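Structure file final31.csv with CSV, C-alpha atoms:
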```csv
chain,number,residue,atom,x,y,z
A,474,MET,CA,-5.2,11.1,-37.2
A,475,ILE,CA,-7.2,13.8,-35.5
A,476,PHE,CA,-9.9,16.3,-36.8
A,477,THR,CA,-10.6,19.6,-35.2
A,478,THR,CA,-14.1,19.9,-36.8
A,479,PRO,CA,-15.0,16.3,-37.6
A,480,TYR,CA,-18.7,16.9,-38.5
A,481,TRP,CA,-17.5,17.9,-42.0
A,482,LEU,CA,-16.6,14.2,-42.5
A,483,PHE,CA,-20.3,13.4,-43.0
A,484,LEU,CA,-19.8,15.0,-46.5
A,485,LEU,CA,-16.9,12.7,-47.4
A,486,PRO,CA,-19.0,10.1,-49.2
A,487,LEU,CA,-19.8,12.9,-51.8
A,488,ALA,CA,-16.2,12.6,-52.9
A,489,VAL,CA,-17.0,9.5,-55.0
A,490,LEU,CA,-19.6,11.3,-57.1
A,491,PRO,CA,-17.2,11.9,-60.0
A,492,PHE,CA,-16.9,8.1,-60.3
A,493,LEU,CA,-20.7,7.7,-60.3
A,494,ALA,CA,-21.9,10.6,-62.4
A,495,GLU,CA,-21.1,11.5,-66.0
A,496,THR,CA,-18.7,14.4,-66.1
A,497,GLN,CA,-18.6,15.2,-69.8
A,498,PRO,CA,-21.4,16.5,-71.9
A,499,ARG,CA,-22.9,14.1,-74.4
A,500,GLU,CA,-22.4,14.8,-78.2
A,501,GLY,CA,-24.6,13.5,-81.0
A,502,TYR,CA,-22.3,11.2,-83.0
A,503,PRO,CA,-22.7,7.6,-84.3
A,504,GLY,CA,-21.9,4.6,-82.2
A,505,LEU,CA,-18.2,3.8,-81.9
A,506,GLU,CA,-18.5,0.2,-80.7
A,507,LEU,CA,-16.7,-1.1,-83.8
A,508,LEU,CA,-13.7,1.2,-83.4
A,509,PRO,CA,-10.7,0.0,-81.3
A,510,THR,CA,-10.4,1.2,-77.7
A,511,ASP,CA,-8.6,4.5,-77.4
A,512,GLY,CA,-6.3,4.0,-74.3
A,513,ILE,CA,-5.3,7.7,-74.1
A,514,SER,CA,-8.9,8.8,-74.0
A,515,SER,CA,-9.7,6.3,-71.3
A,516,LEU,CA,-6.7,7.4,-69.3
A,517,VAL,CA,-7.7,11.1,-69.6
A,518,LYS,CA,-11.3,10.2,-68.6
A,519,TRP,CA,-10.4,8.3,-65.4
A,520,SER,CA,-7.6,10.8,-64.5
A,521,LEU,CA,-10.1,13.7,-64.6
A,522,ARG,CA,-12.6,11.7,-62.5
A,523,LEU,CA,-9.8,10.9,-60.0
A,524,ALA,CA,-8.9,14.6,-59.9
A,525,GLY,CA,-12.6,15.3,-59.1
A,526,VAL,CA,-12.5,12.8,-56.2
A,527,LEU,CA,-9.2,14.2,-54.8
A,528,GLY,CA,-10.5,17.8,-55.1
A,529,LEU,CA,-13.7,17.1,-53.1
A,530,ALA,CA,-11.9,14.9,-50.6
A,531,GLY,CA,-9.1,17.4,-50.0
A,532,LEU,CA,-11.6,20.2,-49.6
A,533,ILE,CA,-13.7,18.2,-47.0
A,534,LEU,CA,-10.6,17.0,-45.1
A,535,GLY,CA,-9.3,20.6,-45.0
A,536,LEU,CA,-12.6,21.8,-43.6
A,537,ALA,CA,-12.6,19.0,-41.0
A,538,GLY,CA,-9.1,20.1,-39.8
A,539,VAL,CA,-7.2,16.9,-40.5
A,540,GLY,CA,-3.9,16.5,-38.7
A,541,VAL,CA,-1.6,14.1,-36.8
A,542,GLY,CA,-2.0,14.0,-33.0
A,543,GLU,CA,0.7,14.6,-30.5
A,544,SER,CA,2.9,11.6,-29.8
A,545,SER,CA,6.0,10.7,-27.8
A,546,ARG,CA,9.3,8.9,-28.6
A,547,GLN,CA,12.2,7.5,-26.6
A,548,VAL,CA,15.4,9.3,-27.2
A,549,VAL,CA,18.9,8.2,-26.1
A,550,GLY,CA,21.2,11.1,-25.5
A,551,HIS,CA,24.6,11.5,-23.9
A,552,GLY,CA,24.2,13.9,-21.0
A,553,SER,CA,21.8,14.5,-18.2
A,554,HIS,CA,18.6,16.2,-17.1
A,555,VAL,CA,19.7,19.5,-15.6
A,556,VAL,CA,17.7,22.2,-13.8
A,557,LEU,CA,19.4,25.6,-13.7
A,558,LEU,CA,18.2,27.3,-10.5
A,559,ILE,CA,19.3,31.0,-10.8
A,560,ASP,CA,19.2,33.6,-8.1
A,561,ARG,CA,17.4,36.8,-9.2
A,562,SER,CA,18.0,38.9,-6.2
A,563,SER,CA,19.1,42.5,-6.8
A,564,SER,CA,22.7,41.8,-5.7
A,565,MET,CA,23.2,39.6,-8.8
A,566,ASP,CA,23.0,42.8,-10.9
A,567,ASN,CA,26.2,44.0,-9.4
A,568,THR,CA,29.7,43.1,-10.5
A,569,PHE,CA,32.0,40.7,-8.6
A,570,ALA,CA,33.5,43.8,-7.0
A,571,GLY,CA,30.1,44.7,-5.6
A,572,ARG,CA,29.6,47.7,-7.9
A,573,GLN,CA,27.0,48.6,-10.5
A,574,PRO,CA,28.3,47.7,-14.0
A,575,ASP,CA,29.8,50.7,-15.8
A,576,GLY,CA,30.5,48.9,-19.1
A,577,SER,CA,34.0,47.8,-18.3
A,578,GLU,CA,32.8,44.8,-16.1
A,579,GLU,CA,29.9,42.3,-16.4
A,580,SER,CA,27.4,42.0,-13.7
A,581,LYS,CA,27.3,38.6,-12.0
A,582,SER,CA,23.9,37.9,-13.6
A,583,ALA,CA,25.2,38.7,-17.1
A,584,ALA,CA,28.3,36.6,-16.8
A,585,ALA,CA,26.3,33.7,-15.4
A,586,ARG,CA,23.8,33.9,-18.3
A,587,ARG,CA,26.5,34.1,-21.0
A,588,ILE,CA,28.4,31.1,-19.6
A,589,LEU,CA,25.3,29.0,-18.9
A,590,LYS,CA,24.1,29.5,-22.5
A,591,ASP,CA,27.5,28.2,-23.7
A,592,PHE,CA,27.1,25.3,-21.4
A,593,VAL,CA,23.6,24.5,-22.8
A,594,MET,CA,24.8,24.7,-26.4
A,595,GLN,CA,27.8,22.4,-25.8
A,596,ARG,CA,25.5,19.7,-24.4
A,597,PRO,CA,23.0,18.8,-27.1
A,598,GLY,CA,22.0,15.5,-25.4
A,599,ASP,CA,20.8,17.3,-22.2
A,600,ARG,CA,17.3,18.1,-21.3
A,601,VAL,CA,17.4,21.4,-19.4
A,602,GLY,CA,14.9,23.2,-17.2
A,603,VAL,CA,15.2,26.8,-15.9
A,604,ALA,CA,13.9,28.1,-12.6
A,605,ALA,CA,14.5,31.4,-10.8
A,606,PHE,CA,14.0,32.7,-7.3
A,607,SER,CA,14.3,35.9,-5.3
A,608,THR,CA,11.3,36.7,-3.0
A,609,ALA,CA,9.5,33.7,-4.5
A,610,PRO,CA,10.5,30.9,-6.9
A,611,MET,CA,9.3,30.8,-10.4
A,612,GLN,CA,9.5,28.0,-13.0
A,613,VAL,CA,10.7,29.7,-16.3
A,614,VAL,CA,10.6,26.6,-18.5
A,615,PRO,CA,10.2,22.8,-17.7
A,616,LEU,CA,12.7,20.2,-18.8
A,617,THR,CA,13.0,20.4,-22.6
A,618,SER,CA,15.5,19.6,-25.3
A,619,ALA,CA,14.5,22.6,-27.4
A,620,ARG,CA,17.6,24.9,-27.4
A,621,PRO,CA,15.9,28.1,-28.5
A,622,ILE,CA,13.4,27.8,-25.7
A,623,ILE,CA,16.1,27.2,-23.1
A,624,LEU,CA,18.3,30.1,-24.3
A,625,ALA,CA,15.3,32.4,-24.2
A,626,ALA,CA,14.5,31.3,-20.7
A,627,ILE,CA,18.1,32.0,-19.6
A,628,ASP,CA,17.9,35.5,-21.2
A,629,ALA,CA,14.6,36.1,-19.3
A,630,ILE,CA,16.5,35.8,-16.0
A,631,GLY,CA,18.1,39.1,-16.9
A,632,ARG,CA,15.1,41.1,-15.7
A,633,PRO,CA,15.7,43.1,-12.5
A,634,GLY,CA,15.1,41.1,-9.4
A,635,LEU,CA,14.2,41.8,-5.8
A,636,ALA,CA,16.3,42.0,-2.6
A,637,PHE,CA,15.2,38.8,-0.8
A,638,THR,CA,16.7,35.4,-1.5
A,639,ASP,CA,14.4,32.4,-0.8
A,640,VAL,CA,16.8,29.6,-1.7
A,641,GLY,CA,14.8,27.0,0.1
A,642,ARG,CA,11.6,27.3,-1.9
A,643,GLY,CA,13.7,27.7,-5.0
A,644,LEU,CA,15.4,24.4,-4.4
A,645,ALA,CA,12.0,22.7,-3.7
A,646,MET,CA,10.7,24.0,-7.1
A,647,ALA,CA,13.9,22.7,-8.9
A,648,MET,CA,13.3,19.3,-7.3
A,649,SER,CA,9.6,19.3,-8.5
A,650,THR,CA,10.7,20.2,-12.0
A,651,HIS,CA,12.5,16.9,-12.3
A,652,GLY,CA,9.4,15.0,-11.3
A,653,GLN,CA,9.2,11.3,-12.0
A,654,GLU,CA,11.7,10.3,-14.6
A,655,GLN,CA,13.1,7.2,-16.1
A,656,ALA,CA,15.5,5.1,-14.0
A,657,GLY,CA,19.1,5.5,-15.0
A,658,THR,CA,18.7,9.0,-16.2
A,659,GLY,CA,21.3,11.4,-14.7
A,660,ARG,CA,19.5,14.2,-12.8
A,661,SER,CA,21.1,17.3,-11.4
A,662,VAL,CA,20.3,20.8,-10.0
A,663,VAL,CA,22.8,23.6,-10.6
A,664,LEU,CA,22.2,26.4,-8.1
A,665,VAL,CA,23.7,29.8,-9.2
A,666,SER,CA,23.6,32.3,-6.4
A,667,ASP,CA,25.7,35.0,-4.9
A,668,GLY,CA,24.3,34.6,-1.4
A,669,ALA,CA,22.2,32.5,0.8
A,670,ALA,CA,19.4,32.7,3.3
A,671,VAL,CA,18.2,30.8,6.3
A,672,ILE,CA,16.1,27.8,5.4
A,673,ASP,CA,13.6,27.1,8.2
A,674,ARG,CA,13.7,23.6,9.9
A,675,ARG,CA,10.4,22.4,8.4
A,676,LEU,CA,11.5,23.2,4.9
A,677,GLN,CA,14.9,21.6,5.6
A,678,GLU,CA,13.1,18.3,6.6
A,679,LYS,CA,11.0,18.4,3.4
A,680,LEU,CA,14.0,18.9,1.3
A,681,ARG,CA,15.8,16.0,3.0
A,682,ALA,CA,12.8,13.7,2.4
A,683,GLU,CA,12.7,14.8,-1.3
A,684,PHE,CA,16.4,14.2,-1.9
A,685,ALA,CA,16.1,10.8,-0.2
A,686,ARG,CA,13.1,9.9,-2.4
A,687,GLN,CA,14.8,10.9,-5.7
A,688,PRO,CA,18.5,11.3,-5.3
A,689,ILE,CA,19.7,14.2,-7.5
A,690,ASN,CA,23.2,15.5,-8.0
A,691,LEU,CA,23.5,19.0,-6.5
A,692,TYR,CA,25.9,21.7,-7.6
A,693,TRP,CA,26.2,25.1,-6.0
A,694,LEU,CA,28.0,27.8,-8.1
A,695,TYR,CA,28.6,30.5,-5.5
A,696,LEU,CA,29.3,33.9,-7.2
A,697,ARG,CA,31.3,35.4,-4.4
A,698,THR,CA,31.4,39.2,-4.1
A,699,SER,CA,34.8,40.6,-3.3
A,700,GLY,CA,35.2,41.0,0.5
A,701,SER,CA,32.3,38.7,1.4
A,702,LYS,CA,32.5,35.5,3.5
A,703,GLY,CA,33.3,32.3,1.6
A,704,ILE,CA,31.3,29.1,2.0
A,705,PHE,CA,34.4,27.2,3.1
A,706,GLU,CA,35.7,29.9,5.4
A,707,GLN,CA,36.0,29.0,9.1
A,708,PRO,CA,34.7,31.7,11.5
A,709,ALA,CA,37.3,33.6,13.5
A,710,PRO,CA,37.6,32.9,17.3
A,711,GLY,CA,34.8,34.4,19.1
A,712,GLU,CA,32.8,35.1,15.9
A,713,GLU,CA,29.2,34.0,16.0
A,714,ASP,CA,28.8,30.8,13.9
A,715,THR,CA,25.0,30.7,13.2
A,716,PRO,CA,22.9,30.5,10.1
A,717,GLN,CA,21.9,34.1,10.6
A,718,ALA,CA,25.5,35.3,10.9
A,719,LEU,CA,27.1,33.1,8.2
A,720,PRO,CA,24.2,31.9,5.9
A,721,GLU,CA,26.5,30.7,3.1
A,722,ARG,CA,28.6,28.5,5.3
A,723,HIS,CA,25.6,26.9,6.9
A,724,LEU,CA,23.8,26.4,3.6
A,725,ASN,CA,26.9,24.6,2.4
A,726,LYS,CA,26.8,22.4,5.6
A,727,PHE,CA,23.1,21.7,5.0
A,728,PHE,CA,23.8,20.6,1.4
A,729,GLU,CA,26.7,18.3,2.7
A,730,SER,CA,24.3,16.7,5.1
A,731,LEU,CA,21.9,15.6,2.4
A,732,HIS,CA,23.9,12.5,1.5
A,733,VAL,CA,23.7,13.1,-2.3
A,734,PRO,CA,26.5,13.8,-4.7
A,735,TYR,CA,27.2,17.5,-4.0
A,736,ARG,CA,29.9,19.9,-5.2
A,737,ALA,CA,30.3,23.6,-4.3
A,738,PHE,CA,32.3,26.1,-6.4
A,739,GLU,CA,33.3,29.5,-5.3
A,740,ALA,CA,33.7,31.9,-8.3
A,741,GLU,CA,35.1,35.5,-7.9
A,742,SER,CA,35.3,36.3,-11.6
A,743,PRO,CA,33.7,35.5,-14.9
A,744,GLN,CA,36.6,33.2,-15.7
A,745,ALA,CA,36.1,31.3,-12.4
A,746,VAL,CA,32.4,30.9,-13.3
A,747,ALA,CA,33.5,29.4,-16.7
A,748,ASP,CA,35.9,27.0,-15.0
A,749,ALA,CA,33.3,25.8,-12.5
A,750,VAL,CA,30.7,25.2,-15.3
A,751,ALA,CA,33.4,23.3,-17.3
A,752,ALA,CA,33.9,21.1,-14.2
A,753,ILE,CA,30.2,20.4,-13.9
A,754,ASP,CA,30.1,19.6,-17.7
A,755,LYS,CA,32.7,16.9,-17.1
A,756,LEU,CA,30.9,15.5,-14.1
A,757,GLU,CA,27.5,15.3,-15.9
A,758,ARG,CA,28.2,13.2,-18.9
A,759,ARG,CA,26.5,9.9,-19.1
A,760,PRO,CA,23.9,8.1,-21.3
A,761,ALA,CA,20.4,9.5,-20.8
A,762,VAL,CA,17.2,7.9,-21.9
A,763,TYR,CA,14.1,10.0,-21.9
A,764,THR,CA,10.7,10.4,-23.5
A,765,GLU,CA,10.4,13.3,-25.8
A,766,ARG,CA,7.0,14.8,-26.8
A,767,VAL,CA,6.5,15.1,-30.5
A,768,PRO,CA,4.0,17.9,-31.3
A,769,GLY,CA,1.0,17.3,-33.6
A,770,ILE,CA,1.0,18.4,-37.2
A,771,ASP,CA,-1.8,20.3,-38.9
A,772,LEU,CA,-2.4,18.7,-42.3
A,773,SER,CA,-5.4,20.9,-43.3
A,774,HIS,CA,-3.1,23.2,-45.4
A,775,SER,CA,-1.8,20.1,-47.3
A,776,ALA,CA,-5.4,19.0,-47.9
A,777,TYR,CA,-6.4,22.4,-49.3
A,778,GLY,CA,-3.3,22.3,-51.5
A,779,LEU,CA,-4.3,18.9,-52.9
A,780,ALA,CA,-7.8,20.2,-53.5
A,781,ALA,CA,-6.4,23.3,-55.3
A,782,ALA,CA,-4.1,21.2,-57.5
A,783,ALA,CA,-6.9,18.8,-58.5
A,784,MET,CA,-9.3,21.7,-59.3
A,785,ALA,CA,-6.6,23.5,-61.3
A,786,LEU,CA,-6.2,20.3,-63.4
A,787,LEU,CA,-10.0,20.1,-63.9
A,788,LEU,CA,-10.1,23.8,-64.9
A,789,MET,CA,-7.3,23.3,-67.4
A,790,ALA,CA,-9.1,20.3,-68.9
A,791,LYS,CA,-12.3,22.5,-69.2
A,792,LEU,CA,-10.4,25.2,-71.0
A,793,PHE,CA,-9.0,22.7,-73.5
A,794,GLU,CA,-12.4,21.1,-74.1
A,795,ARG,CA,-13.8,21.4,-77.6
A,796,SER,CA,-17.3,20.4,-79.0
A,797,LEU,CA,-17.4,17.8,-81.8
A,798,LYS,CA,-19.6,19.0,-84.7
A,799,ILE,CA,-20.7,16.4,-87.3
A,800,GLU,CA,-22.2,17.6,-90.6
A,801,GLY,CA,-25.1,15.5,-91.8
A,802,GLY,CA,-26.0,14.5,-95.5
A,803,ARG,CA,-23.9,14.3,-98.6
A,804,ARG,CA,-22.7,17.0,-101.0
A,805,GLY,CA,-24.1,16.9,-104.4
A,806,ASN,CA,-21.9,16.4,-107.5
```
Go ahead and express the file in the form of structure tokens.
Amino acid sequence: MIFTTPYWLFLLPLAVLPFLAETQPREGYPGLELLPTDGISSLVKWSLRLAGVLGLAGLILGLAGVGVGESSRQVVGHGSHVVLLIDRSSSMDNTFAGRQPDGSEESKSAAARRILKDFVMQRPGDRVGVAAFSTAPMQVVPLTSARPIILAAIDAIGRPGLAFTDVGRGLAMAMSTHGQEQAGTGRSVVLVSDGAAVIDRRLQEKLRAEFARQPINLYWLYLRTSGSKGIFEQPAPGEEDTPQALPERHLNKFFESLHVPYRAFEAESPQAVADAVAAIDKLERRPAVYTERVPGIDLSHSAYGLAAAAMALLLMAKLFERSLKIEGGRRGN
């Protein structure tokens, strides 16, 4: 139990006053010691006193802000811990044909959001985090099992992005989102991007060390624009084969060198995106044990409700109260 304003609890001993003080006015009538005990009257008497105690206690506990503190519980699900790392560069707002959407085609960003939301809803046992990157990475929501929050985070990725693609720092943020988790829990990063950028050597070494420290399954969903180079495409004879000239190909080679479970998917249409996500769904199904935070509960409203009910009962009893009048003397014949 927690209290937001605990100093009100100093008044709690006053709640026993109805048991200690006489609550009914005294009437002038003869002693009733010789009459049998009236059980109903005793029940009414002590019920009203108890209502007085509950009314005072409920009011004081409400003022003290009574509640149940935050806790945690272990949950066993069937799924994985997945971080969706979504490219928010301006090119994602174009269609797979490389044009601005005109209503007849979805943009790559819109298709990815729609399919990823279906993916999240089909996997209730997953904990999902969402991160985005363009010029700089941004954590949208940490790992959570709250579906409305996850869906809202994916929708938020729909805001216009910038031109630059800093996939290296985005990947580092996705790794940090996983943090330290229970052993045996499946962990993965799903990178959704339509391009790549050069990751400098120092950041590459940091990423290698991080993947070695906490092995995480890595998936790259490459939303390929029509006419662009593929990640598996070999350079033509005489063509420059450098990270600057062919960033997607060399990013794929870097991922393959991490020695972690890795799959890359090329998608040139919304249906290809859906097929790739379905393949990831099959690969990422395993028992998952995780600790879930249970939010605290504010019980002050319930305490006020108890006080109001008790006081209503006392008010009703007061309205039905009648004075007993005894006439003295005898009538003459």
Inset, instruction - Please identify all polymer residues within 7 Å of segment 730-747 of chain A, counting only C-alpha atoms, omitting same-chain residues fewer than 2 positions from it, and present them as a list in words. - result: Phe569, Ala584, Ile588, Arg681, Pro688, Ile689, Asn690, Leu691, Tyr692, Trp693, Leu694, Tyr695, Leu696, Arg697, Thr698, Ser699, Lys726, Phe727, Phe728, Ala749, Val750 and Ala751 of chain A
**Request:** State, in Å with one decimal place, the distance from atom CA of Asp714 of chain A to atom CA of Val640 of chain A.
**Result:**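 Computed distance, atom CA of Asp714 of chain A to atom CA of Val640 of chain A, equals 19.7 Å.
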In Å and to one decimal, atom CA of Ala619 of chain A is distant from atom CA of Gly769 of chain A by 15.8 Å
**Prompt:** What lies within 8 Å of Val603 of chain A using only C-alpha atoms, ignoring chain neighbours under 3 positions off, as a PyMOL selection string?
**Reply:** chain A and resi 556-559+612-616+623+626-627
d(atom CA of Phe592 of chain A, atom CA of Lys755 of chain A) in Å:
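If I compute the distance from atom CA of Phe592 of chain A to atom CA of Lys755 of chain A, I get 11.0 Å.
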Counting all atoms listed in the file, closest pick from A:Leu644, A:Ala585, A:Val541, A:Ala524 relative to Leu772 of chain A is A:Val541
Contact residues around Leu529 of chain A with only C-alpha atoms at 9 Å, ignoring same-chain residues under 2 positions, as a PyMOL selection string | chain A and resi 485+487-489+524-527+531-534+780+783-784
Write to file, as a short mmCIF file (atom, residue, chain, number, x, y, z; two decimals), in the coordinates of the input, the residues of the selection just made, with C-alpha atoms.
```
data_model
loop_
_atom_site.label_atom_id
_atom_site.label_comp_id
_atom_site.auth_asym_id
_atom_site.auth_seq_id
_atom_site.Cartn_x
_atom_site.Cartn_y
_atom_site.Cartn_z
CA LEU A 485 -16.90 12.70 -47.40
CA LEU A 487 -19.80 12.90 -51.80
CA ALA A 488 -16.20 12.60 -52.90
CA VAL A 489 -17.00 9.50 -55.00
CA ALA A 524 -8.90 14.60 -59.90
CA GLY A 525 -12.60 15.30 -59.10
CA VAL A 526 -12.50 12.80 -56.20
CA LEU A 527 -9.20 14.20 -54.80
CA GLY A 531 -9.10 17.40 -50.00
CA LEU A 532 -11.60 20.20 -49.60
CA ILE A 533 -13.70 18.20 -47.00
CA LEU A 534 -10.60 17.00 -45.10
CA ALA A 780 -7.80 20.20 -53.50
CA ALA A 783 -6.90 18.80 -58.50
CA MET A 784 -9.30 21.70 -59.30
#
```
ask   = With all atoms listed in the file as the atoms that count, which of A:Phe606, A:Ser773, A:Asn567, A:Asp599 lies nearest to Thr478 of chain A?
value =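 Nearest to Thr478 of chain A: A:Ser773.
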Review point. Using only C-alpha atoms, which residue out of A:Ile475, A:Ser544, A:Gly641, A:Ser520 lies closest to Arg674 of chain A?
Key: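 The shortest atom-to-atom distance to Arg674 of chain A comes from A:Gly641.
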>> Given the point (16.2, 27.5, 9.9) in the coordinates of this file, which residues lie within 10 Å, counting all atoms listed in the file, and how would they look as number ranges by chain?
In response: A: 641, 670-677, 715-717, 720, 723-724
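Those residues that approach Arg522 of chain A to within 8 Å, counting all atoms listed in the file, are A:Pro491, A:Phe492, A:Thr496, A:Lys518, A:Val526; same-chain residues fewer than 4 positions away are not listed.
The closest residue to Ile753 of chain A, picked from A:Ile630, A:Leu664, A:Glu721, A:Glu706 and counting all atoms listed in the file, is A:Leu664.
Within 7 Å of the file-frame point (29.7, 16.0, -21.8), and using all atoms listed in the file, the polymer residues found are A:Gly552, A:Arg596, A:Asp754, A:Lys755, A:Glu757, A:Arg758.
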Note to self: With distances taken over all atoms listed in the file, which residue among A:Glu683, A:Asp771, A:Glu678, A:Asp667 lies nearest Gly703 of chain A?
What the structure shows: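 Checking each candidate against Gly703 of chain A, we get A:Asp667 as the closest.
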From the list A:Val663, A:Val539, A:Leu779, A:Ser563, the nearest residue to Leu589 of chain A using only C-alpha atoms is A:Val663
